[in-house]
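Coordinates as given in upload-v3.cif (mmCIF, N, CA and C atoms):
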data_coords
#
loop_
_atom_site.label_atom_id
_atom_site.label_comp_id
_atom_site.auth_asym_id
_atom_site.auth_seq_id
_atom_site.Cartn_x
_atom_site.Cartn_y
_atom_site.Cartn_z
N MET A 617 161.69 122.90 108.39
CA MET A 617 161.79 124.34 108.44
C MET A 617 163.26 124.71 108.28
N SER A 618 163.53 125.77 107.55
CA SER A 618 164.90 126.21 107.31
C SER A 618 165.50 126.78 108.59
N GLU A 619 166.85 126.88 108.62
CA GLU A 619 167.52 127.49 109.77
C GLU A 619 167.04 128.92 109.96
N ARG A 620 166.87 129.63 108.85
CA ARG A 620 166.41 131.01 108.93
C ARG A 620 165.02 131.07 109.55
N ALA A 621 164.12 130.18 109.14
CA ALA A 621 162.77 130.17 109.70
C ALA A 621 162.81 129.85 111.19
N ALA A 622 163.72 128.95 111.59
CA ALA A 622 163.83 128.60 113.00
C ALA A 622 164.29 129.78 113.83
N SER A 623 165.07 130.69 113.24
CA SER A 623 165.59 131.83 113.98
C SER A 623 164.62 133.02 114.00
N LEU A 624 163.59 133.00 113.18
CA LEU A 624 162.61 134.10 113.16
C LEU A 624 161.63 133.97 114.31
N ALA A 625 161.05 135.08 114.69
CA ALA A 625 160.00 135.04 115.70
C ALA A 625 158.82 134.27 115.13
N PRO A 626 158.07 133.54 115.98
CA PRO A 626 156.93 132.76 115.48
C PRO A 626 155.94 133.58 114.66
N GLN A 627 155.78 134.87 114.97
CA GLN A 627 154.82 135.68 114.22
C GLN A 627 155.32 136.03 112.82
N ASP A 628 156.56 135.64 112.49
CA ASP A 628 157.12 135.92 111.16
C ASP A 628 157.09 134.70 110.24
N VAL A 629 156.51 133.59 110.69
CA VAL A 629 156.48 132.36 109.90
C VAL A 629 155.03 131.88 109.82
N MET A 630 154.57 131.58 108.59
CA MET A 630 153.21 131.06 108.42
C MET A 630 153.24 129.86 107.48
N GLN A 631 152.20 129.07 107.56
CA GLN A 631 152.03 127.98 106.62
C GLN A 631 150.88 128.32 105.69
N VAL A 632 151.08 127.99 104.42
CA VAL A 632 150.06 128.22 103.41
C VAL A 632 149.77 126.89 102.74
N ASN A 633 148.50 126.50 102.71
CA ASN A 633 148.07 125.30 101.99
C ASN A 633 147.64 125.75 100.60
N LEU A 634 148.26 125.15 99.58
CA LEU A 634 147.99 125.55 98.20
C LEU A 634 147.39 124.38 97.44
N GLN A 635 146.37 124.67 96.63
CA GLN A 635 145.78 123.64 95.79
C GLN A 635 145.75 124.14 94.35
N TYR A 636 146.33 123.33 93.46
CA TYR A 636 146.31 123.63 92.03
C TYR A 636 146.10 122.32 91.29
N GLN A 637 145.12 122.28 90.41
CA GLN A 637 144.77 121.10 89.62
C GLN A 637 144.55 119.87 90.51
N GLY A 638 143.84 120.09 91.62
CA GLY A 638 143.47 119.00 92.51
C GLY A 638 144.55 118.51 93.45
N LYS A 639 145.74 119.07 93.37
CA LYS A 639 146.85 118.63 94.23
C LYS A 639 147.14 119.69 95.28
N TRP A 640 147.22 119.23 96.53
CA TRP A 640 147.52 120.13 97.65
C TRP A 640 148.99 120.04 98.00
N ARG A 641 149.55 121.16 98.42
CA ARG A 641 150.90 121.17 98.98
C ARG A 641 150.94 122.22 100.08
N ILE A 642 151.89 122.08 100.97
CA ILE A 642 152.04 123.02 102.08
C ILE A 642 153.36 123.76 101.90
N LYS A 643 153.30 125.07 102.07
CA LYS A 643 154.50 125.90 101.95
C LYS A 643 154.66 126.71 103.23
N THR A 644 155.87 126.71 103.77
CA THR A 644 156.21 127.57 104.90
C THR A 644 156.75 128.87 104.33
N VAL A 645 156.20 129.98 104.80
CA VAL A 645 156.58 131.30 104.27
C VAL A 645 157.10 132.14 105.43
N GLU A 646 158.22 132.80 105.18
CA GLU A 646 158.86 133.65 106.19
C GLU A 646 158.61 135.12 105.87
N GLY A 647 158.45 135.91 106.91
CA GLY A 647 158.35 137.36 106.73
C GLY A 647 156.96 137.89 106.95
N THR A 648 156.85 139.22 106.85
CA THR A 648 155.58 139.88 107.09
C THR A 648 155.12 140.71 105.89
N ASN A 649 155.78 140.53 104.76
CA ASN A 649 155.38 141.20 103.51
C ASN A 649 155.55 140.17 102.39
N ILE A 650 154.46 139.51 102.02
CA ILE A 650 154.49 138.35 101.14
C ILE A 650 153.90 138.72 99.78
N VAL A 651 154.68 138.49 98.73
CA VAL A 651 154.21 138.71 97.36
C VAL A 651 153.83 137.35 96.77
N ILE A 652 152.65 137.29 96.16
CA ILE A 652 152.13 136.07 95.54
C ILE A 652 152.13 136.28 94.04
N GLY A 653 152.70 135.33 93.29
CA GLY A 653 152.72 135.47 91.84
C GLY A 653 153.59 134.42 91.18
N ARG A 654 154.14 134.79 90.03
CA ARG A 654 155.04 133.93 89.26
C ARG A 654 156.32 134.71 88.99
N PRO A 655 157.46 134.20 89.44
CA PRO A 655 158.71 134.95 89.29
C PRO A 655 159.24 134.94 87.87
N ASN A 656 160.03 135.95 87.58
CA ASN A 656 160.88 135.96 86.39
C ASN A 656 162.12 136.74 86.77
N ALA A 657 162.95 137.10 85.80
CA ALA A 657 164.22 137.76 86.10
C ALA A 657 164.03 139.05 86.90
N GLY A 658 162.94 139.77 86.69
CA GLY A 658 162.74 141.04 87.39
C GLY A 658 161.74 140.99 88.52
N THR A 659 161.21 139.81 88.83
CA THR A 659 160.14 139.70 89.82
C THR A 659 160.50 138.65 90.86
N ARG A 660 160.51 139.05 92.13
CA ARG A 660 160.76 138.11 93.23
C ARG A 660 159.44 137.93 93.98
N VAL A 661 159.06 136.68 94.20
CA VAL A 661 157.85 136.38 94.95
C VAL A 661 158.18 135.42 96.08
N GLN A 662 157.42 135.49 97.16
CA GLN A 662 157.61 134.56 98.27
C GLN A 662 156.72 133.32 98.11
N ILE A 663 155.58 133.48 97.43
CA ILE A 663 154.72 132.33 97.12
C ILE A 663 154.65 132.22 95.61
N ASP A 664 155.39 131.26 95.08
CA ASP A 664 155.50 131.03 93.63
C ASP A 664 154.37 130.10 93.20
N LEU A 665 153.48 130.60 92.35
CA LEU A 665 152.34 129.81 91.89
C LEU A 665 152.53 129.28 90.47
N SER A 666 153.77 129.26 89.99
CA SER A 666 154.05 128.61 88.71
C SER A 666 153.67 127.14 88.86
N PRO A 667 153.10 126.50 87.91
CA PRO A 667 152.92 126.85 86.51
C PRO A 667 151.54 127.41 86.17
N ASP A 668 150.80 127.92 87.15
CA ASP A 668 149.46 128.47 86.90
C ASP A 668 149.59 129.76 86.09
N THR A 669 149.36 129.67 84.79
CA THR A 669 149.54 130.83 83.91
C THR A 669 148.42 131.86 84.01
N THR A 670 147.38 131.56 84.80
CA THR A 670 146.34 132.56 85.04
C THR A 670 146.73 133.50 86.20
N VAL A 671 147.88 133.25 86.78
CA VAL A 671 148.41 134.08 87.86
C VAL A 671 149.34 135.12 87.26
N SER A 672 149.15 136.38 87.63
CA SER A 672 150.04 137.46 87.17
C SER A 672 151.40 137.34 87.85
N ARG A 673 152.41 138.01 87.28
CA ARG A 673 153.75 137.99 87.88
C ARG A 673 153.70 138.47 89.32
N VAL A 674 153.10 139.61 89.56
CA VAL A 674 152.83 140.10 90.92
C VAL A 674 151.31 140.17 91.02
N HIS A 675 150.72 139.12 91.58
CA HIS A 675 149.27 138.97 91.55
C HIS A 675 148.60 139.59 92.78
N ALA A 676 149.12 139.27 93.95
CA ALA A 676 148.52 139.73 95.20
C ALA A 676 149.60 139.85 96.26
N ARG A 677 149.21 140.46 97.37
CA ARG A 677 150.16 140.67 98.46
C ARG A 677 149.45 140.42 99.78
N VAL A 678 150.18 139.83 100.72
CA VAL A 678 149.71 139.62 102.09
C VAL A 678 150.77 140.23 102.99
N TRP A 679 150.33 141.05 103.95
CA TRP A 679 151.31 141.68 104.83
C TRP A 679 150.70 141.92 106.21
N GLN A 680 151.60 142.16 107.16
CA GLN A 680 151.18 142.46 108.52
C GLN A 680 151.42 143.94 108.80
N GLU A 681 150.41 144.57 109.38
CA GLU A 681 150.49 145.99 109.71
C GLU A 681 149.81 146.21 111.06
N ASP A 682 150.55 146.71 112.02
CA ASP A 682 150.01 146.98 113.37
C ASP A 682 149.33 145.75 113.97
N GLY A 683 149.95 144.58 113.78
CA GLY A 683 149.44 143.35 114.37
C GLY A 683 148.32 142.67 113.61
N GLN A 684 147.83 143.26 112.54
CA GLN A 684 146.75 142.70 111.71
C GLN A 684 147.32 142.26 110.37
N TRP A 685 146.89 141.09 109.89
CA TRP A 685 147.27 140.64 108.55
C TRP A 685 146.27 141.18 107.54
N TRP A 686 146.77 141.55 106.37
CA TRP A 686 145.96 142.13 105.30
C TRP A 686 146.26 141.41 103.99
N ALA A 687 145.31 141.48 103.06
CA ALA A 687 145.50 140.96 101.71
C ALA A 687 145.02 142.01 100.72
N ALA A 688 145.67 142.06 99.56
CA ALA A 688 145.24 142.97 98.49
C ALA A 688 145.64 142.39 97.15
N ASP A 689 144.80 142.60 96.17
CA ASP A 689 145.13 142.27 94.79
C ASP A 689 146.10 143.34 94.28
N SER A 690 147.04 142.93 93.45
CA SER A 690 148.06 143.86 92.93
C SER A 690 147.76 144.22 91.48
N HIS A 691 146.51 144.60 91.21
CA HIS A 691 146.09 144.98 89.85
C HIS A 691 146.34 143.84 88.86
N SER A 692 146.03 142.61 89.30
CA SER A 692 146.24 141.44 88.45
C SER A 692 145.22 141.42 87.31
N LYS A 693 145.54 140.64 86.29
CA LYS A 693 144.67 140.56 85.11
C LYS A 693 143.31 139.94 85.43
N TYR A 694 143.30 138.88 86.25
CA TYR A 694 142.06 138.15 86.52
C TYR A 694 141.49 138.39 87.92
N GLY A 695 142.14 139.21 88.72
CA GLY A 695 141.63 139.51 90.06
C GLY A 695 141.91 138.41 91.07
N THR A 696 141.49 138.67 92.29
CA THR A 696 141.70 137.78 93.42
C THR A 696 140.40 137.71 94.20
N LEU A 697 140.06 136.52 94.69
CA LEU A 697 138.88 136.35 95.53
C LEU A 697 139.33 136.06 96.96
N LEU A 698 138.65 136.65 97.93
CA LEU A 698 138.86 136.36 99.34
C LEU A 698 137.57 135.75 99.86
N ASN A 699 137.64 134.48 100.24
CA ASN A 699 136.46 133.74 100.71
C ASN A 699 135.31 133.84 99.71
N GLY A 700 135.66 133.75 98.42
CA GLY A 700 134.66 133.73 97.36
C GLY A 700 134.18 135.08 96.87
N GLN A 701 134.65 136.16 97.49
CA GLN A 701 134.23 137.51 97.10
C GLN A 701 135.40 138.27 96.47
N PRO A 702 135.13 139.10 95.46
CA PRO A 702 136.22 139.87 94.84
C PRO A 702 136.96 140.71 95.88
N LEU A 703 138.26 140.70 95.80
CA LEU A 703 139.11 141.46 96.72
C LEU A 703 139.40 142.80 96.07
N ASN A 704 138.74 143.83 96.55
CA ASN A 704 138.92 145.20 96.05
C ASN A 704 139.56 146.02 97.16
N GLY A 705 140.70 146.62 96.88
CA GLY A 705 141.42 147.32 97.92
C GLY A 705 142.05 146.32 98.87
N LYS A 706 142.31 146.75 100.10
CA LYS A 706 142.87 145.82 101.07
C LYS A 706 141.77 145.33 101.99
N ALA A 707 141.95 144.09 102.48
CA ALA A 707 140.97 143.49 103.38
C ALA A 707 141.70 142.73 104.48
N PRO A 708 141.13 142.69 105.68
CA PRO A 708 141.75 141.92 106.76
C PRO A 708 141.78 140.44 106.40
N LEU A 709 142.85 139.77 106.82
CA LEU A 709 143.03 138.34 106.56
C LEU A 709 143.16 137.65 107.90
N THR A 710 142.41 136.56 108.09
CA THR A 710 142.50 135.79 109.32
C THR A 710 142.83 134.34 108.98
N SER A 711 143.27 133.59 109.99
CA SER A 711 143.61 132.19 109.76
C SER A 711 142.42 131.46 109.15
N SER A 712 142.73 130.58 108.24
CA SER A 712 141.77 129.74 107.50
C SER A 712 141.02 130.49 106.41
N ASP A 713 141.30 131.79 106.20
CA ASP A 713 140.72 132.49 105.06
C ASP A 713 141.25 131.86 103.77
N ILE A 714 140.44 131.95 102.72
CA ILE A 714 140.78 131.36 101.42
C ILE A 714 140.97 132.47 100.40
N LEU A 715 142.13 132.47 99.75
CA LEU A 715 142.37 133.35 98.61
C LEU A 715 142.33 132.50 97.35
N GLN A 716 141.63 132.97 96.34
CA GLN A 716 141.63 132.33 95.03
C GLN A 716 142.45 133.23 94.12
N VAL A 717 143.57 132.72 93.66
CA VAL A 717 144.51 133.47 92.82
C VAL A 717 144.66 132.68 91.53
N GLY A 718 144.09 133.19 90.45
CA GLY A 718 144.08 132.40 89.22
C GLY A 718 143.31 131.12 89.47
N GLU A 719 143.91 129.99 89.10
CA GLU A 719 143.29 128.69 89.33
C GLU A 719 143.82 128.02 90.59
N THR A 720 144.53 128.76 91.42
CA THR A 720 145.14 128.23 92.64
C THR A 720 144.39 128.75 93.86
N THR A 721 144.13 127.83 94.79
CA THR A 721 143.49 128.16 96.06
C THR A 721 144.57 128.16 97.15
N LEU A 722 144.54 129.20 97.99
CA LEU A 722 145.49 129.31 99.09
C LEU A 722 144.71 129.45 100.39
N ARG A 723 145.05 128.63 101.39
CA ARG A 723 144.47 128.76 102.73
C ARG A 723 145.60 129.08 103.69
N PHE A 724 145.42 130.14 104.45
CA PHE A 724 146.49 130.65 105.31
C PHE A 724 146.31 130.19 106.75
N ASP A 725 147.41 129.70 107.34
CA ASP A 725 147.49 129.46 108.77
C ASP A 725 148.43 130.53 109.30
N LEU A 726 147.84 131.64 109.71
CA LEU A 726 148.62 132.82 110.09
C LEU A 726 149.17 132.68 111.50
N PRO A 727 150.34 133.26 111.74
CA PRO A 727 150.88 133.26 113.10
C PRO A 727 150.02 134.13 114.01
N ALA A 728 150.05 133.81 115.28
CA ALA A 728 149.25 134.57 116.26
C ALA A 728 149.80 135.96 116.46
#

Go through the file and emit its structure as structure tokens.
Amino acid sequence: MSERAASLAPQDVMQVNLQYQGKWRIKTVEGTNIVIGRPNAGTRVQIDLSPDTTVSRVHARVWQEDGQWWAADSHSKYGTLLNGQPLNGKAPLTSSDILQVGETTLRFDLPA
């Protein structure tokens, strides 16, 4: 964990399990407003899903509001699934929920 992550409150740090092309990896993510996508010169993302080209630059967003975590698709080309169902508008997100973003699967271990 980075020094910055160590200095954040526990509710500001989460782990995300990502699977792309059969390979799993774990990413520690800091903050309460998380952009999921593929970065370029004009786009900053906290969860970089490159090289999955089915992922939009700004594909989806996960954020905390009034103690509840939420997920929403960001008008991506191919959409986002939450636990196998199309994500339309915003929806509550809980630990172990699965987001399908392009060809990448994300499982969230959200802070308490």

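DSSP annotation of chain A from backbone atoms: alpha helix (DSSP H) residues are Glu619, Arg620, Ala621, Ala622 and Ser623 of chain A.
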
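For the file shown, the residue list from the PyMOL selection byres ((chain A and resi 714) around 6) reads Leu697, Leu698, Asn699, Gly700, Ser712, Asp713, Leu715, Gln716, Leu722, Arg723 and Phe724 of chain A.
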
Point (154.6, 127.8, 108.2) neighbourhood (6 Å, only N, CA and C atoms) written as number ranges by chain: A: 629-632, 643-645

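The residues caught by the PyMOL selection byres (((chain A and resi 647-658 and name CA) around 7) and name CA) in this file are Asp628, Val629, Val645, Glu646, Thr659, Arg660, Val661, Gln662, Ile663, Asp664, Leu665, Ser666, Val671, Ser672, Arg673, Val674, His675, Ala676, Arg677, Val678, Trp679 and Gln680 of chain A.
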
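The shortest atom-to-atom distance to Gly683 of chain A, with only C-alpha atoms taken into account, belongs to A:Pro708 out of A:Glu719, A:Gln635, A:Arg641, A:Pro708.
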
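The two atoms in question, atom C of Ala728 of chain A and atom CA of Tyr636 of chain A, are spaced 27.6 Å apart.
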
Exercise on segment 641-660 of chain A, axis-aligned box with 5 Å per side, report centre and edge lengths in Å to one decimal, as lines of an AutoDock Vina configuration file:
center_x = 156.9
center_y = 131.2
center_z = 96.4
size_x = 24.7
size_y = 30.0
size_z = 31.3
